[in-house]
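Worksheet: the structure to be examined is printed underneath.
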Amino acid sequence: MDGAELDGGHGEDLLGKLRERKKARTRRALVVEALESFALYGADAVTLDDLCLQVGVSKRTFFRYFTSKEDVAMKPLQDLWLEFLRRLESEPLSRNADVTVLSVLHDTLVVSIRECADRDSDWIHLVRLALGLDAVHTSFAAHNLRFCDEAVRAALGVLAPGLGISVSDDPRLRLLLGMFLVATRDAQRTWILRTDDNEGAESLILLVDHTVAALSASLGLKAPRLRACLRSETD
């Protein structure tokens, strides 16, 4: 009897794993088909019906995984920020007084990029396609920004207690995360403008390094020429 119960429990676990694998395959197939089709035919020309037909699922199944065309297309970028948040939550802040929060954010993002690229050999290609849509379609950019904003709020909730910061009274962490997000988006936009489609994870990381490093310098940027130009325009 005990053996039968154990066998039954093992069978249920196995069936559960198989179901999860099937769901993961379906989810991935929808993401790949969406991004490839949007890139080939244009996002406006491809309907959800077209997408579901190509993958062989119903629209009801589609909506079990995604809320819209924008949602399915931005999934590779969302995966990056979810990995970023997972690592922030699981890895305690350094007790080294010389380590800045910005360096923690930067290092966590770099590790997250490598993890996503190592986990899925097509991730870099899919991210490039997603960023291409983000760059030219307002609705895709808005969806991506909304998710990034949610990720920033989640990061605030993770980091603020460890730093002893009240996010309602002290704007520093909010501003830092906001600037960090802008810097990473700038790096991504620069990355996809490169003509070589074979640019991989390390080339993206180099641009993230460069852009994040420029944050401090950008805040101290002097504007004497700008002021002179403004005066000449008003004269």
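Identifiers for the structure tokens are assigned positionally: chains receive A, B, ... in sequence, residues are indexed from 1 per chain, and ligands are indexed from 1 in the order shown.
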
Pick out the residues sitting within 7 Å of stretch 145-153 of chain A, and hand them over as a PyMOL selection string; count only C-alpha atoms, and ignore anything fewer than 4 positions along from it in its own chain.
chain A and resi 81+141+157+177

Pull all heavy atoms from the residues just selected and write them as an mmCIF file, in the first residue's frame.
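Final output, saved to selection.cif:
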```cif
data_model
loop_
_atom_site.group_PDB
_atom_site.id
_atom_site.type_symbol
_atom_site.label_atom_id
_atom_site.label_comp_id
_atom_site.auth_asym_id
_atom_site.auth_seq_id
_atom_site.Cartn_x
_atom_site.Cartn_y
_atom_site.Cartn_z
ATOM 1 N N TRP A 81 14.866 41.411 -16.631
ATOM 2 C CA TRP A 81 14.586 42.156 -15.411
ATOM 3 C C TRP A 81 14.095 41.250 -14.296
ATOM 4 O O TRP A 81 14.351 41.518 -13.113
ATOM 5 C CB TRP A 81 13.594 43.281 -15.696
ATOM 6 C CG TRP A 81 14.232 44.357 -16.520
ATOM 7 C CD1 TRP A 81 13.965 44.672 -17.820
ATOM 8 C CD2 TRP A 81 15.296 45.234 -16.112
ATOM 9 N NE1 TRP A 81 14.795 45.690 -18.237
ATOM 10 C CE2 TRP A 81 15.609 46.055 -17.221
ATOM 11 C CE3 TRP A 81 16.003 45.397 -14.923
ATOM 12 C CZ2 TRP A 81 16.611 47.026 -17.163
ATOM 13 C CZ3 TRP A 81 17.004 46.360 -14.857
ATOM 14 C CH2 TRP A 81 17.292 47.165 -15.972
ATOM 15 N N ALA A 141 7.046 50.078 -26.864
ATOM 16 C CA ALA A 141 7.906 50.833 -25.940
ATOM 17 C C ALA A 141 7.171 51.128 -24.641
ATOM 18 O O ALA A 141 7.741 51.023 -23.550
ATOM 19 C CB ALA A 141 8.370 52.121 -26.601
ATOM 20 N N GLY A 157 11.646 48.051 -3.178
ATOM 21 C CA GLY A 157 11.200 47.270 -2.042
ATOM 22 C C GLY A 157 12.256 46.315 -1.526
ATOM 23 O O GLY A 157 12.302 46.021 -0.326
ATOM 24 N N LEU A 177 17.709 54.448 -9.149
ATOM 25 C CA LEU A 177 17.136 53.372 -9.948
ATOM 26 C C LEU A 177 16.564 53.901 -11.258
ATOM 27 O O LEU A 177 16.680 53.258 -12.306
ATOM 28 C CB LEU A 177 16.049 52.650 -9.143
ATOM 29 C CG LEU A 177 16.574 51.677 -8.085
ATOM 30 C CD1 LEU A 177 15.463 51.291 -7.106
ATOM 31 C CD2 LEU A 177 17.144 50.424 -8.743
#
```

Which residues are close to A:Leu102, i.e. within 9 Å by only C-alpha atoms, leaving aside same-chain residues fewer than 4 positions away? Reply as an NGL selection string.
:A and (106-107 or 176-177 or 180 or 212)

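Here atom CA of A:Val32 and atom CA of A:Lys17 stand 22.4 Å from one another.
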
Got a sec to tell me which of stretch 29-85 of chain A DSSP assigns to alpha helix (DSSP H), as a VMD selection string?
chain A and resid 29 to 41 48 to 55 59 to 65 69 to 73 75 to 85

Which one is closest to A:Ser90: A:Thr108, A:Gly132, A:Gln54, A:Gln78? Count only C-alpha atoms.
A:Thr108

Near stretch 160-169 of chain A, within 12 Å and counting only C-alpha atoms, which residues show up once chain neighbours fewer than 2 positions away are dropped, as a VMD selection string?
chain A and resid 88 to 89 91 to 95 97 100 to 101 152 to 158 171 to 177

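When atom CA of A:Thr47 is paired with atom CA of A:Arg28, their separation reads 17.8 Å.
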
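One finds atom CA of A:Glu83 at 26.1 Å from atom CA of A:Ser37.
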
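For the residues A:Leu80, A:Val136, A:Leu181, A:Val57, ranking by smallest atom-to-atom distance to A:Ile124 using only C-alpha atoms places A:Leu80 first.
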
Long-range neighbours of A:Val72 as number ranges by chain, 10 Å cut-off, only C-alpha atoms, 4 positions minimum in chain
A: 27-28, 30-35, 62-63, 65-68, 76, 78, 130

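Among A:His125, A:Lys75, A:Arg189, A:Arg194, the residue with the shortest atom-to-atom distance to A:Thr211, counting only C-alpha atoms, is A:Arg189.
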
Near-A:Asp44 list (12 Å; only C-alpha atoms; drop same-chain fewer than 3 positions) as a ChimeraX atom specification:
/A:34,37-41,47-48,50,69-70,133,136-140
